[in-house]
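Undergrad: Below is a structure I'd like to ask you about.
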Amino acid sequence: MNASIAGALLLIGRKLLTAFAQLLVVATLIFSVMYIMPGDPVLLLLGAESNPSPEAVASMRSQLGLDQLVLSQYFTWLWNALHLDFGNSLTNGYPVSSYVLANLPRTLELAFAAIIIATLIGVPLGIAAALKRGSMRDTVLTSIATIGISVPVYILGTLLVLIFSIKLGWLPASGYTDISRNLVEHFRKLALPALALGFGLAASIARMTRSSMLEILGRDFVRALRAKGMPERRIIWQHVLRNAAIPIVTIIGLQLGNLMGGTVLVEAMFNWPGLSTLLVGAVSARNYPLVQGAMLAIAALFIVINLAVELFYSLLDPRIRRKRS
Amino acid sequence: MTARALRIARSQPAFMASLLMLAAVVFMAIFGSWLAPHDPFAINPTSVNQGSSAQHWLGTDEFGRDLLSRLLIGIQPTMLVAIGATAIAGIFGSLLGIAGAYGRAWLSFLIMRSVDIMLSFPPILLALLAVGFWESGVLSLAVVIGVLYIPHFARVAHSATLQVTRQEFMEAERAMGASVRRVVFTAILPNILSPLVVQATLTVAAAILLESGLSFLGLGIVPPEPSWGQMIGTARGYLAQNPMYVIWPSLLLALTVLAINVVGDRLRDILDPRLREE
Amino acid sequence: MLEVRNLSIAFGTSTGLKPAVCGIDFDIKPGEILGLVGESGSGKTITSLGVMGLLPPNAVVTGGEVLVDGVDMLKRSPAELRKLRGRHVSMIFQDPMASLDPIYTCGDQIVEAILLHEPIGKTAARKKALELLEKVRIPDPERTMRSYPHELSGGQCQRVMIAMAVSCKPRIIIADEPTTALDVTVQKQVLDLLRGLNQEVGAAILLITHDLGVIYEVADRVVVMYAGKKMEEATTQNLFANPKSDYAKALIDSMPALGCKHARLPVIERDAAGNVRSVRPEPCVRSARAGPVPEDANGVPLLELKDLCKSYWVKPSPLSAPVEMRAVDKVSFAIAPRTTLGLVGESGCGKTTLSRAVMRLSTPDSGQILFKGTDIAKLSESAMQPFRREIAMVFQNPYGSLNPRQTVADLVAAPMVIVGEGTSAERSKRVAYLLDAVGLPKAAASRYPHEFSGGQRQRIAVARALALKPSLVICDEAVSALDVSVQAQVLNLLKDLQLEFDLTYLFISHDLSVVEHVSDTVAVMQKGRIVEYGPADDIFAAPKDAYTRMLLDAVPIIGVDRAARRAQ
């Protein structure tokens, strides 16, 4: 028993270490990409058309720390990033971290709302289809799911806007209201983007749930349970679902991770001021510190969510939790 | 084989319809500009945002250009990008995946870790970054999207290769003293082709979605050259005046992706060795 | 108590119903063990599933009845059937590990099975589960209660399954190949357990197996099935002493048995009318095309191993330092040219590691592998190339060892292509010759492996092994995956080819009767070491090592009377 606890701790430790290493590599990549990308931030900042004097360029350079060795710039940047200091925005001098910290919860909120909608719709439908494999119900549900994964999120979003805000006038077409200012308005504005994201995800979650269920239903132990005389209902709820839950939860978790940057189209079309909006704006303005900060935040969220999913997965599955050597 | 194909066709109307839809799309992509009833770039300020009429079957856009003609030529760049991207992702991804599964430990570690790291960014975001910094066009979009889907292909090729390497015939090849080249091209590649073909259909669908998504944001195919995604993006500004403007390209795009997904699902069923054994 | 009357089952396919079981009749009396024996595809498993009402969705009962205590199971509602399952009729499956839910402990699963049919409390059920585990003689029942299936061995899992099956004192236990996945010694324990429980609980057992030895050991009566039809029903004594049907006769004859050695095994032939009979092929005479027998090179062995060692480093628990696991521990033996060395051992004894090392698919840690006097143990891959011509291998799994995407011609020619021997025309001539030598038709060359049966695929693998005229062929469990009658054919073929092609075999198997049949010399391997090594006749007549004796005792022996009859 002791050995298995130690094993679990070791497993967690190893996963934490891997995640940290991954984050470090991603940070390094983000830092170096900014050097590969075209365009000199200093010229951009001073306005290339105004033909800035070499002195002004040099002083700006040293002000931004760009005159130091790349390696020392890198370590300074990394050290500061560890303290959530990503430098200042090139356009107005405000700290990047304040932007990131303001927009991050909004992306998280949208992603969680979408994943909850998707899970509530997708998982029951996937189970319903798997339990009656080959029936009319299965055919209809799988067809709907296939259509669901084929309709791009922005088409779905546009249709929702067309119906709910233009034709019916029930919900606002876009925008964001802070929760502290107007609670109802906040959720009214969250509804359409969350639904647009959620429906598409629901379709893919339904498909994955169905195939996981079918995979478990085909295992030998299900036949053995039937041979024991266990009621079918109980086989499904106590054994098949619990086994299928492991891959299903993993898939939902991975989808949530993907949403960290995957909300970009929805954020753009509904003017939702999340991380992706921040990033898109920063890219077009060549605001390098902001680009770095936003990208790092998105990647860090993704890695943390994946880490949580993996830990959850390995604690749920005794075959991983108590690996026999 | 032909008898079997016919039997599948008769019992699978959705699959058949999807194949027809894809054939039509490919036909449009090749011959669209000849089929167009009007000049897709001719601006007509007097008939802006019109509904369907005898002259403009599907109506006109915000510059009075014929929608049908623009739809007919709007698939070509998307298809070029999708096919180019899939080719790039397929070739490089498969080779990397095979190397990751069959190569030496350090190489496999390097490849699969890089794949993990690339997968920690959603493709649309990286694509956005890339087209944000570089100019976009059919070629650059194909390259960017292709590179972004290399890790997905590598994952599929990797796990398929691992399954193949566990089989005894790989051991048999080694026991006969086969070279790495021979092992890769006669033992591994033919045996992982099925999952790769399925992945290729999925990648075509994903690339179409990605390109149209970028164009929707105005970062993909550059106007006045039309693409369906870009038309949807523009049409969103005229939802109240001309709702059919957004409906037509949306419908076509969704149907195309749907057809690819249906074909991909069927291919997966047909090529699945567990099903074929019977 | 269980009567099966004229039961027919068919599979629904796209071209209509395909019969799998045709008009089977048998009955089981209380306390009896009835063996249901047949080769793969004979319909024995589908019969048992039909009895349980657990047929797969694409199978339908087309006629007959299954009476349990006079009541037809087939006419019962699913709910009634379910109540009978587990309480009246319980089942043990072939793959015990896969038949347990991986995410619950074994204890929970036994308790669950008890509570399904007995109105007792949880604590009482837990106590009973523990008693049951003691009854099936599991070491450390307390720990087993807390263990997950993946933490137990196959034999232990099967005991848990048996504990579950007997938990509600069922009237009938259906055991479907309960020992096929287990080692000989474990098989013996499980069979003893089944027989003991059957006497103690008074349940009847329907034992389904392909293994006549298992039937002989435990069954009271036997039903022999072939292609969905019942061939014969007799008491075990009568069946083995005096089989009436041609098929049963042929099946029993084609099985190599300990204690009776023949140059040729009889094989089953099927004539145009579908009747089967046993034919003992004439011993092959060295044909003229093979040329004169080469001189022995002064008694130098073809292959000699000296103190060969190969270790793996494993961690006993996640936190401890890795410890050395000697998979092959100072193994020495020698094989004279044109003889066969049989290497016997149970799973995990290191015999596969050994064969991989000799084949140089891995590099041994220390020791020598002398092939025709040259040490190949440490040769580099390129220096190994000339030896790869001389050493060929036939693998266990006839489905896995052939690349499914290559034609038979490409497969057989592969070794020649790899070393760049001959022109394309010469290679196809050689392929044709080899296919003929292993008894495959010419037309086979252009077909793919999946179009052949298991035995035919193994013939293809043998043809490929012979492509470069090797002197040593390593057969790693080469006949283990085959049905008895097919196994006999392949064994005969190997013997014929040995004569024809001057081959030396290293024949690795877990099956003592097969090893006795083919070997001149035998080495018995246990935990990486050779515990006994010597001429086959001596070892089988008078085993010296305790482990060899245990192995020999564990093999189900088809009676002495039969051996005596065969010897005539």
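Residue numbering restarts at 1 for every chain of the structure tokens, chains are lettered A, B, ... in their displayed order, and ligands are numbered from 1 as they appear.
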Write out as a ChimeraX atom specification every residue belonging to chain A that has an atom at most 12 Å from any atom of chain C, counting only C-alpha atoms.
TA: /A:1-11,14,132-134,216-235,238-246,314-325
Undergrad: So that I can see what lies close to B:Ala254, please list as a ChimeraX atom specification the residues with an atom at most 9 Å from it, counting only C-alpha atoms and leaving out residues fewer than 2 positions away in the same chain.
TA: /A:147,150-152,155 /B:249-252,256-259
Undergrad: Please produce an output containing N, CA, C and O atoms for each residue in the selection, written as a PDB file, in the first residue's frame.
TA:
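Output file selection.pdb is given in full below:
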ATOM      1  N   ILE A 147     -22.952  16.380 -38.670  1.00  0.00           N
ATOM      2  CA  ILE A 147     -23.243  17.732 -39.166  1.00  0.00           C
ATOM      3  C   ILE A 147     -22.631  18.757 -38.214  1.00  0.00           C
ATOM      4  O   ILE A 147     -22.014  19.731 -38.634  1.00  0.00           O
ATOM      5  N   SER A 150     -19.111  19.472 -38.701  1.00  0.00           N
ATOM      6  CA  SER A 150     -18.785  19.995 -40.023  1.00  0.00           C
ATOM      7  C   SER A 150     -19.097  21.477 -40.175  1.00  0.00           C
ATOM      8  O   SER A 150     -18.561  22.132 -41.058  1.00  0.00           O
ATOM      9  N   VAL A 151     -20.000  21.981 -39.331  1.00  0.00           N
ATOM     10  CA  VAL A 151     -20.370  23.395 -39.481  1.00  0.00           C
ATOM     11  C   VAL A 151     -19.351  24.242 -38.725  1.00  0.00           C
ATOM     12  O   VAL A 151     -19.205  24.101 -37.521  1.00  0.00           O
ATOM     13  N   PRO A 152     -18.634  25.114 -39.427  1.00  0.00           N
ATOM     14  CA  PRO A 152     -17.635  25.933 -38.747  1.00  0.00           C
ATOM     15  C   PRO A 152     -18.284  26.811 -37.688  1.00  0.00           C
ATOM     16  O   PRO A 152     -19.435  27.238 -37.842  1.00  0.00           O
ATOM     17  N   ILE A 155     -19.902  30.055 -38.765  1.00  0.00           N
ATOM     18  CA  ILE A 155     -21.193  29.954 -39.454  1.00  0.00           C
ATOM     19  C   ILE A 155     -22.297  29.756 -38.432  1.00  0.00           C
ATOM     20  O   ILE A 155     -23.344  30.423 -38.458  1.00  0.00           O
TER      21      ILE A 155
ATOM     22  N   PRO B 249     -22.881  31.038 -49.075  1.00  0.00           N
ATOM     23  CA  PRO B 249     -21.538  30.490 -48.846  1.00  0.00           C
ATOM     24  C   PRO B 249     -21.462  29.593 -47.611  1.00  0.00           C
ATOM     25  O   PRO B 249     -20.744  28.585 -47.607  1.00  0.00           O
ATOM     26  N   SER B 250     -22.257  29.928 -46.565  1.00  0.00           N
ATOM     27  CA  SER B 250     -22.247  29.096 -45.363  1.00  0.00           C
ATOM     28  C   SER B 250     -22.713  27.692 -45.690  1.00  0.00           C
ATOM     29  O   SER B 250     -22.110  26.691 -45.273  1.00  0.00           O
ATOM     30  N   LEU B 251     -23.810  27.624 -46.444  1.00  0.00           N
ATOM     31  CA  LEU B 251     -24.377  26.334 -46.793  1.00  0.00           C
ATOM     32  C   LEU B 251     -23.371  25.493 -47.584  1.00  0.00           C
ATOM     33  O   LEU B 251     -23.138  24.320 -47.289  1.00  0.00           O
ATOM     34  N   LEU B 252     -22.778  26.134 -48.603  1.00  0.00           N
ATOM     35  CA  LEU B 252     -21.831  25.400 -49.443  1.00  0.00           C
ATOM     36  C   LEU B 252     -20.637  24.909 -48.633  1.00  0.00           C
ATOM     37  O   LEU B 252     -20.219  23.760 -48.748  1.00  0.00           O
ATOM     38  N   THR B 256     -19.680  21.044 -47.906  1.00  0.00           N
ATOM     39  CA  THR B 256     -18.408  20.487 -48.353  1.00  0.00           C
ATOM     40  C   THR B 256     -17.689  19.776 -47.213  1.00  0.00           C
ATOM     41  O   THR B 256     -17.245  18.629 -47.345  1.00  0.00           O
ATOM     42  N   VAL B 257     -17.590  20.462 -46.069  1.00  0.00           N
ATOM     43  CA  VAL B 257     -16.902  19.856 -44.930  1.00  0.00           C
ATOM     44  C   VAL B 257     -17.654  18.613 -44.467  1.00  0.00           C
ATOM     45  O   VAL B 257     -17.055  17.575 -44.148  1.00  0.00           O
ATOM     46  N   LEU B 258     -18.986  18.700 -44.476  1.00  0.00           N
ATOM     47  CA  LEU B 258     -19.796  17.550 -44.083  1.00  0.00           C
ATOM     48  C   LEU B 258     -19.501  16.359 -44.995  1.00  0.00           C
ATOM     49  O   LEU B 258     -19.304  15.230 -44.529  1.00  0.00           O
ATOM     50  N   ALA B 259     -19.458  16.627 -46.294  1.00  0.00           N
ATOM     51  CA  ALA B 259     -19.208  15.539 -47.250  1.00  0.00           C
ATOM     52  C   ALA B 259     -17.849  14.899 -46.979  1.00  0.00           C
ATOM     53  O   ALA B 259     -17.722  13.675 -46.973  1.00  0.00           O
TER      54      ALA B 259
END
Undergrad: From a DSSP pass on the backbone, collect the residues of stretch 44-223 of chain A flagged as alpha helix (DSSP H) and hand them back as a ChimeraX atom specification.
TA: /A:44-46,54-64,70-82,96-131,136-150,153-160,183-217,220-223
Undergrad: List every residue of chain A that has an atom at most 10 Å from any atom of chain B, giving for each one its closest atom pair and the distance in Å to one decimal, counting only C-alpha atoms, sorted by chain and then by ascending residue number, as CSV.
TA:
residue,atom,partner,partner_atom,distance
A:Gln22,CA,B:Ile117,CA,6.7
A:Leu23,CA,B:Ile117,CA,8.7
A:Val25,CA,B:Ile117,CA,7.9
A:Val26,CA,B:Ile117,CA,6.8
A:Leu29,CA,B:Ile117,CA,9.7
A:Met37,CA,B:Phe133,CA,6.7
A:Pro38,CA,B:Phe133,CA,6.9
A:Gly39,CA,B:Phe133,CA,8.6
A:Ser143,CA,B:Val262,CA,9.1
A:Thr146,CA,B:Leu258,CA,7.0
A:Ile147,CA,B:Leu258,CA,6.0
A:Gly148,CA,B:Leu258,CA,8.7
A:Ile149,CA,B:Leu258,CA,7.9
A:Ser150,CA,B:Leu258,CA,4.8
A:Val151,CA,B:Ala254,CA,4.9
A:Pro152,CA,B:Leu209,CA,6.4
A:Val153,CA,B:Gly213,CA,8.8
A:Tyr154,CA,B:Gly213,CA,7.5
A:Ile155,CA,B:Ser250,CA,6.1
A:Leu156,CA,B:Ser250,CA,9.0
A:Thr158,CA,B:Arg236,CA,6.9
A:Leu159,CA,B:Ile247,CA,8.4
A:Val161,CA,B:Leu239,CA,8.8
A:Leu162,CA,B:Leu239,CA,6.7
A:Ile166,CA,B:Ala240,CA,6.8
A:Lys167,CA,B:Ala240,CA,8.6
A:Gly257,CA,B:Ser120,CA,8.4
A:Asn258,CA,B:Pro122,CA,5.9
A:Leu259,CA,B:Pro122,CA,7.9
A:Met260,CA,B:Pro122,CA,8.0
A:Gly261,CA,B:Pro122,CA,5.8
A:Gly262,CA,B:Pro122,CA,5.9
A:Thr263,CA,B:Leu125,CA,9.2
A:Val264,CA,B:Leu125,CA,7.2
A:Leu265,CA,B:Gly213,CA,7.1
A:Ala268,CA,B:Leu217,CA,7.7
A:Met269,CA,B:Leu217,CA,8.2
A:Ser276,CA,B:Leu125,CA,7.8
A:Leu279,CA,B:Leu129,CA,8.5
A:Val280,CA,B:Leu128,CA,7.5
A:Gly281,CA,B:Gly132,CA,9.7
A:Ala282,CA,B:Gly132,CA,9.6
A:Val283,CA,B:Gly132,CA,6.0
A:Ser284,CA,B:Gly132,CA,6.1
A:Ala285,CA,B:Gly132,CA,9.5
A:Arg286,CA,B:Phe133,CA,8.1
A:Val291,CA,B:Leu129,CA,9.1
A:Met295,CA,B:Phe121,CA,8.8
A:Ile298,CA,B:Phe121,CA,7.8
A:Ala299,CA,B:Ser120,CA,6.3
A:Ala300,CA,B:Ser120,CA,8.9
A:Leu301,CA,B:Ser120,CA,9.6
A:Phe302,CA,B:Ser120,CA,6.3
A:Ile303,CA,B:Ser120,CA,6.9
A:Asn306,CA,B:Ser120,CA,9.1
Undergrad: Please identify every residue of chain C that has at least one atom no more than 7 Å from any atom of chain B, counting only C-alpha atoms, and report them as a ChimeraX atom specification.
TA: /C:359,361,385,388,400-403,405,415,418
Undergrad: Residues of the last selection are to be written out with all heavy atoms, as a PDB file, in the first residue's frame.
TA:
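Result file is out-v6.pdb:
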ATOM      1  N   MET C 359      19.526 -15.399 -32.603  1.00  0.00           N
ATOM      2  CA  MET C 359      19.196 -14.796 -33.894  1.00  0.00           C
ATOM      3  C   MET C 359      19.901 -13.448 -34.050  1.00  0.00           C
ATOM      4  O   MET C 359      19.861 -12.840 -35.102  1.00  0.00           O
ATOM      5  CB  MET C 359      17.677 -14.596 -33.903  1.00  0.00           C
ATOM      6  CG  MET C 359      17.033 -14.454 -35.234  1.00  0.00           C
ATOM      7  SD  MET C 359      17.086 -15.929 -36.213  1.00  0.00           S
ATOM      8  CE  MET C 359      17.700 -15.241 -37.727  1.00  0.00           C
ATOM      9  N   LEU C 361      18.943 -10.722 -32.698  1.00  0.00           N
ATOM     10  CA  LEU C 361      18.023  -9.584 -32.692  1.00  0.00           C
ATOM     11  C   LEU C 361      18.305  -8.745 -31.460  1.00  0.00           C
ATOM     12  O   LEU C 361      17.850  -7.617 -31.335  1.00  0.00           O
ATOM     13  CB  LEU C 361      16.569 -10.074 -32.675  1.00  0.00           C
ATOM     14  CG  LEU C 361      16.131 -10.789 -33.953  1.00  0.00           C
ATOM     15  CD1 LEU C 361      14.754 -11.404 -33.785  1.00  0.00           C
ATOM     16  CD2 LEU C 361      16.129  -9.826 -35.126  1.00  0.00           C
ATOM     17  N   GLN C 385      25.751 -10.070 -41.327  1.00  0.00           N
ATOM     18  CA  GLN C 385      25.022 -10.334 -42.579  1.00  0.00           C
ATOM     19  C   GLN C 385      25.262 -11.738 -43.155  1.00  0.00           C
ATOM     20  O   GLN C 385      24.286 -12.435 -43.450  1.00  0.00           O
ATOM     21  CB  GLN C 385      25.366  -9.281 -43.639  1.00  0.00           C
ATOM     22  CG  GLN C 385      24.587  -7.976 -43.495  1.00  0.00           C
ATOM     23  CD  GLN C 385      23.083  -8.120 -43.580  1.00  0.00           C
ATOM     24  OE1 GLN C 385      22.576  -9.041 -44.212  1.00  0.00           O
ATOM     25  NE2 GLN C 385      22.364  -7.215 -42.935  1.00  0.00           N
ATOM     26  N   ARG C 388      23.292 -14.284 -41.340  1.00  0.00           N
ATOM     27  CA  ARG C 388      21.839 -14.218 -41.466  1.00  0.00           C
ATOM     28  C   ARG C 388      21.341 -15.143 -42.578  1.00  0.00           C
ATOM     29  O   ARG C 388      20.197 -15.549 -42.587  1.00  0.00           O
ATOM     30  CB  ARG C 388      21.372 -12.784 -41.727  1.00  0.00           C
ATOM     31  CG  ARG C 388      21.668 -11.821 -40.600  1.00  0.00           C
ATOM     32  CD  ARG C 388      20.480 -10.925 -40.286  1.00  0.00           C
ATOM     33  NE  ARG C 388      20.754 -10.063 -39.151  1.00  0.00           N
ATOM     34  CZ  ARG C 388      20.501 -10.395 -37.886  1.00  0.00           C
ATOM     35  NH1 ARG C 388      19.942 -11.557 -37.612  1.00  0.00           N
ATOM     36  NH2 ARG C 388      20.785  -9.571 -36.905  1.00  0.00           N
ATOM     37  N   GLY C 400       0.767 -13.103 -37.549  1.00  0.00           N
ATOM     38  CA  GLY C 400       1.540 -11.893 -37.353  1.00  0.00           C
ATOM     39  C   GLY C 400       2.896 -11.891 -38.042  1.00  0.00           C
ATOM     40  O   GLY C 400       3.479 -10.838 -38.271  1.00  0.00           O
ATOM     41  N   SER C 401       3.409 -13.077 -38.397  1.00  0.00           N
ATOM     42  CA  SER C 401       4.787 -13.092 -38.868  1.00  0.00           C
ATOM     43  C   SER C 401       4.907 -12.841 -40.370  1.00  0.00           C
ATOM     44  O   SER C 401       6.010 -12.763 -40.895  1.00  0.00           O
ATOM     45  CB  SER C 401       5.469 -14.404 -38.486  1.00  0.00           C
ATOM     46  OG  SER C 401       4.881 -15.468 -39.167  1.00  0.00           O
ATOM     47  N   LEU C 402       3.770 -12.729 -41.050  1.00  0.00           N
ATOM     48  CA  LEU C 402       3.825 -12.432 -42.485  1.00  0.00           C
ATOM     49  C   LEU C 402       3.253 -11.042 -42.724  1.00  0.00           C
ATOM     50  O   LEU C 402       2.149 -10.734 -42.261  1.00  0.00           O
ATOM     51  CB  LEU C 402       3.010 -13.469 -43.271  1.00  0.00           C
ATOM     52  CG  LEU C 402       3.441 -14.927 -43.106  1.00  0.00           C
ATOM     53  CD1 LEU C 402       2.463 -15.843 -43.797  1.00  0.00           C
ATOM     54  CD2 LEU C 402       4.838 -15.136 -43.647  1.00  0.00           C
ATOM     55  N   ASN C 403       3.993 -10.221 -43.435  1.00  0.00           N
ATOM     56  CA  ASN C 403       3.520  -8.880 -43.765  1.00  0.00           C
ATOM     57  C   ASN C 403       2.250  -8.977 -44.609  1.00  0.00           C
ATOM     58  O   ASN C 403       2.279  -9.513 -45.711  1.00  0.00           O
ATOM     59  CB  ASN C 403       4.622  -8.160 -44.550  1.00  0.00           C
ATOM     60  CG  ASN C 403       4.257  -6.724 -44.877  1.00  0.00           C
ATOM     61  OD1 ASN C 403       3.112  -6.320 -44.728  1.00  0.00           O
ATOM     62  ND2 ASN C 403       5.238  -5.959 -45.319  1.00  0.00           N
ATOM     63  N   ARG C 405       0.666  -7.040 -46.393  1.00  0.00           N
ATOM     64  CA  ARG C 405       0.591  -6.276 -47.630  1.00  0.00           C
ATOM     65  C   ARG C 405       1.503  -6.813 -48.729  1.00  0.00           C
ATOM     66  O   ARG C 405       1.709  -6.167 -49.738  1.00  0.00           O
ATOM     67  CB  ARG C 405       0.937  -4.807 -47.376  1.00  0.00           C
ATOM     68  CG  ARG C 405       0.024  -4.134 -46.374  1.00  0.00           C
ATOM     69  CD  ARG C 405      -1.384  -4.093 -46.900  1.00  0.00           C
ATOM     70  NE  ARG C 405      -2.320  -3.690 -45.879  1.00  0.00           N
ATOM     71  CZ  ARG C 405      -3.104  -2.642 -45.976  1.00  0.00           C
ATOM     72  NH1 ARG C 405      -3.088  -1.907 -47.047  1.00  0.00           N
ATOM     73  NH2 ARG C 405      -3.953  -2.352 -45.013  1.00  0.00           N
ATOM     74  N   PRO C 415      14.032 -12.856 -48.353  1.00  0.00           N
ATOM     75  CA  PRO C 415      15.423 -13.044 -47.925  1.00  0.00           C
ATOM     76  C   PRO C 415      16.412 -12.930 -49.091  1.00  0.00           C
ATOM     77  O   PRO C 415      17.499 -12.376 -48.933  1.00  0.00           O
ATOM     78  CB  PRO C 415      15.436 -14.472 -47.355  1.00  0.00           C
ATOM     79  CG  PRO C 415      14.031 -14.787 -47.046  1.00  0.00           C
ATOM     80  CD  PRO C 415      13.201 -14.023 -48.021  1.00  0.00           C
ATOM     81  N   ILE C 418      16.788  -9.280 -50.046  1.00  0.00           N
ATOM     82  CA  ILE C 418      17.561  -8.524 -49.063  1.00  0.00           C
ATOM     83  C   ILE C 418      19.064  -8.729 -49.265  1.00  0.00           C
ATOM     84  O   ILE C 418      19.835  -7.777 -49.197  1.00  0.00           O
ATOM     85  CB  ILE C 418      17.123  -8.916 -47.638  1.00  0.00           C
ATOM     86  CG1 ILE C 418      15.745  -8.310 -47.355  1.00  0.00           C
ATOM     87  CG2 ILE C 418      18.125  -8.444 -46.593  1.00  0.00           C
ATOM     88  CD1 ILE C 418      15.086  -8.833 -46.129  1.00  0.00           C
TER      89      ILE C 418
END
Undergrad: Any idea what's packed within 7 Å of C:Ala219, counting only C-alpha atoms, ignoring anything in its chain fewer than 6 positions away? Could you give it as a PDB file with C-alpha atoms, in the first residue's frame?
TA:
ATOM      1  CA  ILE C  33     -18.100 -33.200 -16.232  1.00  0.00           C
ATOM      2  CA  LEU C  34     -18.951 -33.188 -19.900  1.00  0.00           C
ATOM      3  CA  GLY C  35     -16.195 -32.284 -22.323  1.00  0.00           C
ATOM      4  CA  THR C 236     -13.995 -40.577 -21.925  1.00  0.00           C
TER       5      THR C 236
END
Undergrad: For atom CA of C:Leu265 and atom CA of C:Leu491, determine how far apart the two atoms are, in Å to one decimal place.
TA: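 For atom CA of C:Leu265 relative to atom CA of C:Leu491, the distance reads 7.8 Å.
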Undergrad: Need to verify the contact set: C:Thr340, 10 Å, only C-alpha atoms, exclusion of same-chain residues closer than 2 positions in sequence. Can you return it as a VMD selection string?
TA: chain C and resid 335 to 338 342 to 343 472 to 474 495 498 503 to 507 515 518 to 522 536
Undergrad: Determine, counting only C-alpha atoms, which protein, DNA and RNA residues have an atom within 10 Å of an atom of C:Tyr226; residues of the same chain fewer than 6 positions away are not included. Present the result as an NGL selection string.
TA: :C and (21 or 37-44 or 232 or 247-248 or 276)
Undergrad: With C-alpha atoms kept, could you save the residues just selected as a PDB file, in the first residue's frame?
TA:
ATOM      1  CA  VAL C  21     -24.062 -25.130 -35.203  1.00  0.00           C
ATOM      2  CA  VAL C  37     -14.083 -30.848 -27.822  1.00  0.00           C
ATOM      3  CA  GLY C  38     -13.393 -29.554 -31.287  1.00  0.00           C
ATOM      4  CA  GLU C  39     -10.935 -27.548 -33.332  1.00  0.00           C
ATOM      5  CA  SER C  40     -11.283 -23.818 -33.956  1.00  0.00           C
ATOM      6  CA  GLY C  41     -14.378 -23.063 -35.985  1.00  0.00           C
ATOM      7  CA  SER C  42     -16.153 -26.228 -34.870  1.00  0.00           C
ATOM      8  CA  GLY C  43     -18.909 -24.222 -33.163  1.00  0.00           C
ATOM      9  CA  LYS C  44     -18.160 -25.274 -29.595  1.00  0.00           C
ATOM     10  CA  GLU C 232     -19.400 -38.559 -31.467  1.00  0.00           C
ATOM     11  CA  TYR C 247     -13.080 -37.788 -37.109  1.00  0.00           C
ATOM     12  CA  ALA C 248     -12.569 -38.565 -33.433  1.00  0.00           C
ATOM     13  CA  VAL C 276     -12.894 -37.175 -42.660  1.00  0.00           C
TER      14      VAL C 276
END
Undergrad: Skipping near chain neighbours, those fewer than 4 positions away, what residues fall within 9 Å of stretch 31-45 of chain B using only C-alpha atoms, listed as a PyMOL selection string?
TA: chain B and resi 26-27+56+62-76+224-226
